[in-house]
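Pasting query_22.tsv here (TSV, C-alpha atoms and all ligand atoms):
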chain	number	residue	atom	x	y	z
S	868	MET	CA	6.88	95.12	-56.02
S	869	ALA	CA	3.19	95.46	-55.33
S	870	GLU	CA	1.10	92.37	-55.79
S	871	VAL	CA	-1.40	93.16	-58.53
S	872	VAL	CA	-4.62	91.13	-58.57
S	873	ILE	CA	-6.87	91.50	-61.59
S	874	VAL	CA	-10.45	90.42	-60.94
S	875	GLU	CA	-13.59	90.27	-63.06
S	876	SER	CA	-15.62	92.90	-61.23
S	877	ALA	CA	-15.70	95.47	-58.46
S	878	ALA	CA	-17.86	93.07	-56.45
S	879	ALA	CA	-15.18	90.37	-56.70
S	880	ALA	CA	-12.58	92.92	-55.56
S	881	GLY	CA	-14.81	93.86	-52.63
S	882	ALA	CA	-15.15	90.23	-51.58
S	883	LEU	CA	-11.39	89.61	-51.80
S	884	VAL	CA	-10.48	92.64	-49.70
S	885	ALA	CA	-13.32	92.09	-47.21
S	886	ASP	CA	-12.08	88.51	-46.66
S	887	GLU	CA	-8.64	89.90	-45.84
S	888	ILE	CA	-10.05	92.49	-43.42
S	889	ALA	CA	-12.20	89.85	-41.70
S	890	ARG	CA	-9.10	87.63	-41.38
S	891	LEU	CA	-7.15	90.54	-39.91
S	892	ILE	CA	-9.83	91.30	-37.30
S	893	ALA	CA	-10.19	87.62	-36.39
S	894	GLY	CA	-6.48	87.48	-35.59
S	895	ARG	CA	-6.26	90.94	-34.07
S	896	PRO	CA	-9.54	92.12	-32.49
S	897	ASP	CA	-8.07	95.59	-31.88
S	898	ALA	CA	-6.96	96.03	-35.49
S	899	VAL	CA	-6.65	99.56	-36.87
S	900	LEU	CA	-8.21	100.07	-40.30
S	901	GLY	CA	-7.49	102.91	-42.72
S	902	LEU	CA	-10.63	103.92	-44.62
S	903	ALA	CA	-11.04	105.65	-47.95
S	904	THR	CA	-14.15	107.45	-49.15
S	905	GLY	CA	-15.36	108.06	-52.72
S	906	SER	CA	-17.00	105.36	-54.83
S	907	THR	CA	-14.12	102.85	-55.07
S	908	PRO	CA	-14.20	101.30	-51.55
S	909	LEU	CA	-17.99	100.87	-51.46
S	910	PRO	CA	-17.91	97.21	-52.67
S	911	VAL	CA	-15.49	96.44	-49.83
S	912	TYR	CA	-17.75	98.00	-47.20
S	913	GLU	CA	-20.73	96.18	-48.69
S	914	ALA	CA	-18.91	92.83	-48.65
S	915	LEU	CA	-17.82	93.41	-45.05
S	916	ARG	CA	-21.39	93.46	-43.72
S	917	PRO	CA	-22.07	89.69	-43.83
S	918	ARG	CA	-18.47	88.91	-42.87
S	919	LEU	CA	-18.54	91.03	-39.70
S	920	SER	CA	-22.15	90.43	-38.65
S	921	ASP	CA	-21.19	87.80	-36.05
S	922	VAL	CA	-17.79	89.23	-35.16
S	923	ASP	CA	-17.00	91.30	-32.06
S	924	THR	CA	-15.67	94.52	-33.60
S	925	SER	CA	-15.93	96.60	-30.42
S	926	ARG	CA	-12.12	97.00	-30.19
S	927	VAL	CA	-11.49	97.83	-33.85
S	928	ARG	CA	-10.43	101.40	-34.56
S	929	ALA	CA	-10.50	103.13	-37.94
S	930	PHE	CA	-9.09	106.30	-39.47
S	931	ALA	CA	-10.37	107.94	-42.63
S	932	LEU	CA	-7.87	109.38	-45.08
S	933	ASP	CA	-9.28	112.83	-45.56
S	934	GLU	CA	-12.01	115.43	-45.19
S	935	TYR	CA	-13.04	118.61	-46.95
S	936	VAL	CA	-12.11	121.83	-45.14
S	937	GLY	CA	-14.95	124.14	-44.18
S	938	ILE	CA	-17.75	121.73	-45.06
S	939	ASP	CA	-20.56	121.35	-42.53
S	940	PRO	CA	-19.96	117.89	-40.97
S	941	ALA	CA	-23.71	117.31	-41.35
S	942	HIS	CA	-23.51	117.92	-45.14
S	943	PRO	CA	-24.36	114.57	-46.81
S	944	GLU	CA	-21.09	114.67	-48.77
S	945	SER	CA	-18.77	115.55	-45.89
S	946	TYR	CA	-16.51	112.56	-45.45
S	947	ARG	CA	-17.69	112.35	-41.83
S	948	SER	CA	-21.24	111.82	-43.17
S	949	VAL	CA	-20.08	109.38	-45.86
S	950	ILE	CA	-18.12	107.29	-43.35
S	951	THR	CA	-21.09	107.30	-40.94
S	952	ARG	CA	-23.45	106.19	-43.72
S	953	GLU	CA	-21.20	103.63	-45.43
S	954	VAL	CA	-19.14	102.23	-42.55
S	955	VAL	CA	-20.18	103.18	-39.01
S	956	GLU	CA	-23.90	102.43	-39.26
S	957	PRO	CA	-23.91	99.36	-41.55
S	958	LEU	CA	-20.97	97.70	-39.80
S	959	GLY	CA	-22.20	98.48	-36.29
S	960	PHE	CA	-19.24	100.58	-35.14
S	961	THR	CA	-19.67	103.42	-32.67
S	962	PRO	CA	-18.76	106.93	-33.93
S	963	GLU	CA	-15.93	106.99	-31.35
S	964	GLN	CA	-14.24	104.02	-33.03
S	965	VAL	CA	-13.97	105.76	-36.38
S	966	HIS	CA	-11.90	108.91	-36.76
S	967	VAL	CA	-12.14	111.44	-39.58
S	968	PRO	CA	-9.79	114.43	-39.87
S	969	ASN	CA	-11.37	117.58	-38.46
S	970	GLY	CA	-12.14	119.85	-41.42
S	971	SER	CA	-13.53	122.67	-39.30
S	972	THR	CA	-11.76	125.96	-40.04
S	973	ASP	CA	-11.74	126.56	-36.30
S	974	GLY	CA	-8.46	124.98	-35.12
S	975	ILE	CA	-7.42	123.81	-38.59
S	976	GLU	CA	-3.80	124.87	-37.87
S	977	HIS	CA	-3.32	121.95	-35.48
S	978	ALA	CA	-5.89	119.50	-36.88
S	979	GLY	CA	-3.19	117.66	-38.86
S	980	ASP	CA	-0.88	117.19	-35.88
S	981	ASP	CA	-3.83	116.11	-33.72
S	982	TYR	CA	-4.78	113.47	-36.28
S	983	GLU	CA	-1.23	112.14	-36.53
S	984	ALA	CA	-1.10	111.89	-32.73
S	985	ALA	CA	-4.37	109.93	-32.68
S	986	ILE	CA	-3.09	107.45	-35.29
S	987	THR	CA	0.15	107.00	-33.33
S	988	ALA	CA	-1.75	106.53	-30.06
S	989	ALA	CA	-3.81	103.77	-31.73
S	990	GLY	CA	-0.59	101.97	-32.66
S	991	GLY	CA	-0.58	102.84	-36.37
S	992	VAL	CA	-2.76	101.56	-39.20
S	993	ASP	CA	-2.72	97.81	-39.93
S	994	LEU	CA	-4.50	97.86	-43.28
S	995	GLN	CA	-5.06	100.99	-45.33
S	996	ILE	CA	-7.68	100.99	-48.09
S	997	LEU	CA	-6.83	103.36	-50.94
S	998	GLY	CA	-8.58	104.59	-54.08
S	999	ILE	CA	-6.72	106.53	-56.75
S	1000	GLY	CA	-7.67	109.80	-58.42
S	1001	THR	CA	-7.51	110.22	-62.20
S	1002	ASP	CA	-4.59	112.61	-61.55
S	1003	GLY	CA	-2.77	109.92	-59.56
S	1004	HIS	CA	-3.60	111.17	-56.08
S	1005	ILE	CA	-4.03	108.90	-53.06
S	1006	GLY	CA	-5.78	110.40	-50.08
S	1007	PHE	CA	-5.99	113.96	-51.35
S	1008	ASN	CA	-2.24	114.14	-51.98
S	1009	GLU	CA	-2.34	115.96	-55.27
S	1010	PRO	CA	0.57	115.91	-57.76
S	1011	GLY	CA	3.59	117.60	-56.22
S	1012	SER	CA	2.95	116.25	-52.73
S	1013	SER	CA	6.00	115.34	-50.67
S	1014	PHE	CA	6.59	111.65	-50.11
S	1015	ALA	CA	7.41	112.56	-46.49
S	1016	SER	CA	4.21	114.56	-45.96
S	1017	ARG	CA	1.99	114.11	-42.93
S	1018	THR	CA	-1.65	115.05	-42.33
S	1019	ARG	CA	-2.12	118.64	-43.46
S	1020	VAL	CA	-4.28	121.01	-45.47
S	1021	LYS	CA	-4.01	120.78	-49.28
S	1022	THR	CA	-5.61	122.67	-52.15
S	1023	LEU	CA	-7.58	120.35	-54.45
S	1024	THR	CA	-6.73	120.44	-58.16
S	1025	GLN	CA	-9.45	121.63	-60.47
S	1026	ARG	CA	-9.45	118.13	-61.97
S	1027	THR	CA	-10.25	116.55	-58.60
S	1028	ARG	CA	-12.93	119.15	-57.94
S	1029	HIS	CA	-14.37	118.38	-61.36
S	1030	ASP	CA	-14.23	114.60	-60.70
S	1031	ASN	CA	-15.96	115.04	-57.33
S	1032	ALA	CA	-18.60	117.47	-58.62
S	1033	ARG	CA	-20.77	114.38	-59.25
S	1034	PHE	CA	-21.37	114.20	-55.50
S	1035	PHE	CA	-22.49	117.86	-55.32
S	1036	SER	CA	-24.96	119.94	-57.29
S	1037	SER	CA	-22.16	121.80	-59.10
S	1038	ILE	CA	-18.36	122.15	-59.14
S	1039	ASP	CA	-18.72	125.46	-57.29
S	1040	GLU	CA	-20.00	123.55	-54.28
S	1041	VAL	CA	-16.93	121.29	-54.12
S	1042	PRO	CA	-14.67	122.70	-51.40
S	1043	MET	CA	-11.33	124.15	-52.51
S	1044	HIS	CA	-9.35	122.73	-49.61
S	1045	CYS	CA	-9.07	119.43	-47.82
S	1046	ILE	CA	-7.20	117.96	-44.90
S	1047	THR	CA	-5.55	114.68	-45.84
S	1048	GLN	CA	-3.19	112.11	-44.44
S	1049	GLY	CA	0.18	112.68	-46.09
S	1050	LEU	CA	2.06	110.24	-48.29
S	1051	GLY	CA	4.40	109.67	-45.33
S	1052	THR	CA	1.40	108.87	-43.13
S	1053	ILE	CA	0.02	106.42	-45.69
S	1054	LEU	CA	3.39	104.74	-46.19
S	1055	ALA	CA	3.58	104.11	-42.42
S	1056	ALA	CA	0.55	101.79	-42.57
S	1057	ARG	CA	1.55	98.13	-42.39
S	1058	HIS	CA	-0.42	96.93	-45.44
S	1059	LEU	CA	-1.66	99.09	-48.30
S	1060	VAL	CA	-4.60	97.88	-50.38
S	1061	LEU	CA	-5.17	100.03	-53.45
S	1062	LEU	CA	-8.31	99.46	-55.52
S	1063	ALA	CA	-9.28	100.87	-58.90
S	1064	PHE	CA	-12.13	100.16	-61.28
S	1065	GLY	CA	-12.96	101.36	-64.77
S	1066	GLU	CA	-11.12	102.64	-67.81
S	1067	GLY	CA	-10.92	106.14	-66.39
S	1068	LYS	CA	-8.37	104.94	-63.82
S	1069	ALA	CA	-6.20	102.89	-66.23
S	1070	ARG	CA	-3.70	105.63	-67.00
S	1071	ALA	CA	-3.19	106.66	-63.40
S	1072	VAL	CA	-2.83	103.01	-62.33
S	1073	ALA	CA	-0.17	102.28	-64.97
S	1074	ALA	CA	1.74	105.45	-64.12
S	1075	ALA	CA	1.61	104.66	-60.40
S	1076	LEU	CA	2.69	101.02	-60.64
S	1077	GLU	CA	4.95	100.87	-63.69
S	1078	GLY	CA	6.13	104.45	-64.16
S	1079	PRO	CA	8.90	106.27	-62.36
S	1080	ILE	CA	8.53	107.12	-58.68
S	1081	SER	CA	7.63	110.77	-58.95
S	1082	ALA	CA	5.86	113.51	-57.03
S	1083	LEU	CA	3.94	114.06	-60.29
S	1084	VAL	CA	2.17	110.76	-59.60
S	1085	PRO	CA	1.63	110.64	-55.84
S	1086	ALA	CA	0.33	107.05	-55.96
S	1087	SER	CA	3.76	105.95	-57.26
S	1088	ALA	CA	4.76	106.23	-53.57
S	1089	VAL	CA	3.27	102.75	-53.13
S	1090	GLN	CA	6.32	101.38	-55.00
S	1091	LEU	CA	8.32	102.27	-51.88
S	1092	HIS	CA	6.18	100.15	-49.55
S	1093	GLU	CA	7.04	96.56	-48.70
S	1094	HIS	CA	3.47	95.22	-48.50
S	1095	VAL	CA	1.08	96.50	-51.15
S	1096	THR	CA	-1.88	94.73	-52.73
S	1097	VAL	CA	-3.46	96.34	-55.78
S	1098	VAL	CA	-6.87	95.01	-56.79
S	1099	LEU	CA	-8.12	96.05	-60.23
S	1100	ASP	CA	-10.85	95.18	-62.67
S	1101	GLU	CA	-9.85	94.45	-66.27
S	1102	ALA	CA	-10.58	98.01	-67.41
S	1103	ALA	CA	-8.41	99.63	-64.74
S	1104	ALA	CA	-5.64	97.11	-65.54
S	1105	SER	CA	-5.85	97.67	-69.30
S	1106	GLN	CA	-2.73	99.84	-69.60
S	1107	LEU	CA	-0.43	97.68	-67.48
S	1108	LYS	CA	2.53	96.29	-69.44
S	1109	LEU	CA	3.02	93.38	-67.05
S	1110	ALA	CA	-0.66	92.40	-66.72
S	1111	ASP	CA	-0.06	88.84	-67.96
S	1112	TYR	CA	2.74	88.37	-65.45
S	1113	TYR	CA	0.56	89.65	-62.58
S	1114	ARG	CA	-2.14	87.13	-63.57
S	1115	HIS	CA	0.41	84.33	-63.81
S	1116	ALA	CA	1.92	85.18	-60.43
S	1117	PHE	CA	-1.49	85.33	-58.70
S	1118	ASP	CA	-2.67	82.08	-60.32
S	1119	ASN	CA	0.46	80.35	-59.04
S	1120	LYS	CA	0.54	81.97	-55.64
S	1121	PRO	CA	1.50	79.61	-52.81
S	1122	ALA	CA	-1.60	78.76	-50.78
S	1123	TRP	CA	0.04	79.70	-47.48
S	1124	GLN	CA	0.49	83.34	-48.53
S	1125	GLY	CA	-2.39	85.63	-47.66
S	1126	LEU	CA	-2.92	88.84	-49.55
T	1	LIG	C1	-11.01	109.48	-50.74
T	1	LIG	C2	-9.68	109.57	-51.29
T	1	LIG	C3	-9.41	109.73	-52.73
T	1	LIG	C4	-10.26	108.80	-53.59
T	1	LIG	C5	-10.01	109.07	-55.07
T	1	LIG	C6	-10.83	108.19	-55.96
T	1	LIG	O1	-10.96	109.31	-49.35
T	1	LIG	O2	-8.77	109.53	-50.52
T	1	LIG	O3	-8.06	109.47	-53.00
T	1	LIG	O4	-9.96	107.48	-53.28
T	1	LIG	O5	-10.30	110.41	-55.34
T	1	LIG	O6	-12.19	108.50	-55.81
T	1	LIG	P1	-13.31	107.56	-56.35
T	1	LIG	O7	-13.19	106.29	-55.59
T	1	LIG	O8	-14.59	108.25	-56.05
T	1	LIG	O9	-13.05	107.37	-57.79
Here is a file; write its structure as structure tokens.
Amino acid sequence: MAEVVIVESAAAAGALVADEIARLIAGRPDAVLGLATGSTPLPVYEALRPRLSDVDTSRVRAFALDEYVGIDPAHPESYRSVITREVVEPLGFTPEQVHVPNGSTDGIEHAGDDYEAAITAAGGVDLQILGIGTDGHIGFNEPGSSFASRTRVKTLTQRTRHDNARFFSSIDEVPMHCITQGLGTILAARHLVLLAFGEGKARAVAAALEGPISALVPASAVQLHEHVTVVLDEAAASQLKLADYYRHAFDNKPAWQGL
């Protein structure tokens, strides 16, 4: 079962996860991080700044989950730009350390295989940060995605395009296609850390963690993984049937166990 941690705020979640990432890098200077974009991971990236300021991160590698297909990489909302702005520059990484799937239409047929090969060559992802879509997606694995899927091109649902229109001037500007790590790729990471904040995520979170494992709820794939940490604020946790038990278990967690 995933460990579910319910915290008072997104900032507290960011601090908790950033502590874990800093601990990972201290013990493994060539750690491989899996990065998410969107608004959810921002408190983690923010909390990482002071924690990594005196740490040698020159051997860390990172892989983003996804990218829009056909977007100009220089567009401020391309995930390449977002990762550069939110992770590479503030945390002092070089662009070469941080990989983002290639969303260029030129060569898109093999971009997924190339990305998988790069993750494998790096030794696989140690800690994968995940957000969750209101339709239950992780990465951009929309409902119906195969649990065995690998990095490939997907068509975004209208709901996801609508949700992401806030980053663009209109829904028409939100690309129709994306290239995303598959559920199989995500499940191969050694530790999954799923974050969610706000009431709007409560239904998807409950379906993913306490509902049946189903392609209709791609995030339910995390139930198949042996090391999952889910960090939620009260609003995102509000539809969980076992919320009191999760609190009880975390409050009584043995001190020697990390996240
Ligand atoms: C982004 C990603 C998506 C987002 C999800 C939630 O790289 O993989 O799964 O995590 O769409 O987005 P936000 O965090 O903006 O609510």
message: What's around stretch 1054-1071 of chain S at 7 Å? Count all atoms listed in the file, leave out sequence neighbours fewer than 6 positions away in its own chain, and write the answer as a ChimeraX atom specification.
response: /S:877,907,991-999,1001-1003,1092,1094-1100,1102-1106
- request: All residues within 7 Å of ligand LIG 1 (chain T) are required, counting all atoms listed in the file; please report them as a PyMOL selection string.
  value: chain S and resi 903-908+931-933+997-1000+1004-1007+1027
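A straight line drawn from atom CA of S:His977 to atom CA of S:Ala1015 is 18.0 Å long.
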- prompt: Quick one, how far is atom CA of S:Ser1016 from atom CA of S:Thr987?
  reply: 15.3 Å
task: Would you list the contacts of S:Asp886 as a ChimeraX atom specification, taking every protein, DNA or RNA residue within 10 Å and counting all atoms listed in the file, but skipping same-chain residues closer than 2 positions in sequence?
output: /S:880-884,888-891,911,914-915,918-919,1126
Go ahead and write the residues just picked, C-alpha atoms, as a JSON list (two decimals), keeping the file's coordinate frame.
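After the write, result.json holds the following:
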[["chain", "number", "residue", "atom", "x", "y", "z"],
["S", 880, "ALA", "CA", -12.58, 92.92, -55.56],
["S", 881, "GLY", "CA", -14.81, 93.86, -52.63],
["S", 882, "ALA", "CA", -15.15, 90.23, -51.58],
["S", 883, "LEU", "CA", -11.39, 89.61, -51.80],
["S", 884, "VAL", "CA", -10.48, 92.64, -49.70],
["S", 888, "ILE", "CA", -10.05, 92.49, -43.42],
["S", 889, "ALA", "CA", -12.20, 89.85, -41.70],
["S", 890, "ARG", "CA", -9.10, 87.63, -41.38],
["S", 891, "LEU", "CA", -7.15, 90.54, -39.91],
["S", 911, "VAL", "CA", -15.49, 96.44, -49.83],
["S", 914, "ALA", "CA", -18.91, 92.83, -48.65],
["S", 915, "LEU", "CA", -17.82, 93.41, -45.05],
["S", 918, "ARG", "CA", -18.47, 88.91, -42.87],
["S", 919, "LEU", "CA", -18.54, 91.03, -39.70],
["S", 1126, "LEU", "CA", -2.92, 88.84, -49.55]]
message: Taking (3.6, 104.9, -54.2) in the coordinates of the supplied file, I want to know which residues reach to within 10 Å of it, counting only C-alpha atoms; could you give the answer as an MDAnalysis selection string?
response: chainID S and resid 869 1003:1005 1014 1050 1053:1054 1059 1075:1076 1079:1082 1084:1092 1095
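Note that atom CA of S:Glu870 and atom CA of S:Pro1121 are 13.1 Å apart.
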- prompt: Restricting the calculation to all atoms listed in the file, which member of S:Glu1040, S:Glu934, S:Asp980, S:Glu887 is positioned closest to S:Val967?
  reply: S:Glu934
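Shortest atom-to-atom contact with S:Arg952 among S:Glu1077, S:Glu875, S:Glu1009, S:Glu913: S:Glu913, counting only C-alpha atoms.
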- prompt: Any idea what's packed within 12 Å of S:Pro1042, counting only C-alpha atoms, ignoring anything in its chain fewer than 6 positions away? Could you give it as a PyMOL selection string?
  reply: chain S and resi 934-939+942+944-946+970+1021-1025+1027-1029+1031-1032+1034-1035
Neighbours of point (0.3, 111.8, -42.1) within 7 Å, using all atoms listed in the file, written as a ChimeraX atom specification: /S:983,1016-1018,1048-1053
Put the listed atoms of stretch 915-926 of chain S in a box along x, y and z with 4 Å added on every side and give me the centre and edge lengths in Å to one decimal, as AutoDock Vina command-line options.
--center_x -17.1 --center_y 92.4 --center_z -37.6 --size_x 18.0 --size_y 17.2 --size_z 22.9
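Compared by their closest atoms to S:Pro917, and using only C-alpha atoms, the residues S:Leu1109, S:Ala885, S:Phe960, S:Ile1046 rank with S:Ala885 nearest.
If you measure from each of S:Ala929, S:Ala1074, S:Val871, S:Val899 to S:Ile950 using all atoms listed in the file, the closest one turns out to be S:Ala929.
Proximity of S:Ala941, S:Val1072, S:Leu1107, S:Ala989 to S:Ala898, computed with only C-alpha atoms, is greatest for S:Ala989.
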Mind filling out stretch 993-1014 of chain S with N, CA, C and O atoms and sending it as a compact mmCIF listing (two decimals), in the frame of the given file?
# COMPACT_ATOMS: atom_id res chain seq x y z
N ASP S 993 -3.09 99.16 -39.48
CA ASP S 993 -2.72 97.81 -39.93
C ASP S 993 -2.98 97.63 -41.42
O ASP S 993 -2.16 97.07 -42.13
N LEU S 994 -4.15 98.04 -41.87
CA LEU S 994 -4.50 97.86 -43.28
C LEU S 994 -5.16 99.13 -43.78
O LEU S 994 -6.17 99.55 -43.23
N GLN S 995 -4.56 99.73 -44.79
CA GLN S 995 -5.06 100.99 -45.33
C GLN S 995 -5.70 100.76 -46.70
O GLN S 995 -5.04 100.32 -47.64
N ILE S 996 -6.99 101.05 -46.80
CA ILE S 996 -7.68 100.99 -48.09
C ILE S 996 -7.41 102.28 -48.84
O ILE S 996 -7.51 103.38 -48.26
N LEU S 997 -7.10 102.18 -50.13
CA LEU S 997 -6.83 103.36 -50.94
C LEU S 997 -7.60 103.29 -52.26
O LEU S 997 -7.66 102.22 -52.89
N GLY S 998 -8.14 104.43 -52.70
CA GLY S 998 -8.58 104.59 -54.08
C GLY S 998 -7.52 105.42 -54.77
O GLY S 998 -6.53 105.83 -54.14
N ILE S 999 -7.69 105.68 -56.03
CA ILE S 999 -6.72 106.53 -56.75
C ILE S 999 -7.49 107.54 -57.60
O ILE S 999 -8.51 107.20 -58.22
N GLY S 1000 -7.03 108.78 -57.60
CA GLY S 1000 -7.67 109.80 -58.42
C GLY S 1000 -7.18 109.70 -59.86
O GLY S 1000 -6.13 109.12 -60.14
N THR S 1001 -7.94 110.27 -60.79
CA THR S 1001 -7.51 110.22 -62.20
C THR S 1001 -6.21 111.00 -62.39
O THR S 1001 -5.49 110.77 -63.37
N ASP S 1002 -5.87 111.89 -61.46
CA ASP S 1002 -4.59 112.61 -61.55
C ASP S 1002 -3.50 111.90 -60.75
O ASP S 1002 -2.42 112.45 -60.56
N GLY S 1003 -3.78 110.70 -60.27
CA GLY S 1003 -2.77 109.92 -59.56
C GLY S 1003 -2.70 110.19 -58.07
O GLY S 1003 -1.78 109.71 -57.40
N HIS S 1004 -3.67 110.92 -57.53
CA HIS S 1004 -3.60 111.17 -56.08
C HIS S 1004 -4.03 109.93 -55.28
O HIS S 1004 -4.82 109.11 -55.75
N ILE S 1005 -3.49 109.81 -54.08
CA ILE S 1005 -4.03 108.90 -53.06
C ILE S 1005 -4.26 109.76 -51.82
O ILE S 1005 -3.50 110.68 -51.55
N GLY S 1006 -5.29 109.40 -51.02
CA GLY S 1006 -5.78 110.40 -50.08
C GLY S 1006 -6.10 111.61 -50.98
O GLY S 1006 -6.53 111.45 -52.12
N PHE S 1007 -5.87 112.79 -50.47
CA PHE S 1007 -5.99 113.96 -51.35
C PHE S 1007 -4.60 114.56 -51.57
O PHE S 1007 -4.43 115.77 -51.63
N ASN S 1008 -3.60 113.69 -51.67
CA ASN S 1008 -2.24 114.14 -51.98
C ASN S 1008 -2.15 114.37 -53.47
O ASN S 1008 -1.97 113.42 -54.25
N GLU S 1009 -2.32 115.60 -53.85
CA GLU S 1009 -2.34 115.96 -55.27
C GLU S 1009 -0.91 115.95 -55.83
O GLU S 1009 0.06 115.96 -55.06
N PRO S 1010 -0.77 115.90 -57.17
CA PRO S 1010 0.57 115.91 -57.76
C PRO S 1010 1.44 117.02 -57.17
O PRO S 1010 0.98 118.15 -56.99
N GLY S 1011 2.67 116.66 -56.85
CA GLY S 1011 3.59 117.60 -56.22
C GLY S 1011 3.73 117.38 -54.74
O GLY S 1011 4.60 117.97 -54.10
N SER S 1012 2.89 116.50 -54.19
CA SER S 1012 2.95 116.25 -52.73
C SER S 1012 4.27 115.58 -52.35
O SER S 1012 4.78 114.73 -53.08
N SER S 1013 4.76 115.94 -51.18
CA SER S 1013 6.00 115.34 -50.67
C SER S 1013 5.75 113.90 -50.24
O SER S 1013 4.74 113.61 -49.60
N PHE S 1014 6.71 113.04 -50.54
CA PHE S 1014 6.59 111.65 -50.11
C PHE S 1014 6.75 111.53 -48.59
O PHE S 1014 6.44 110.49 -48.02
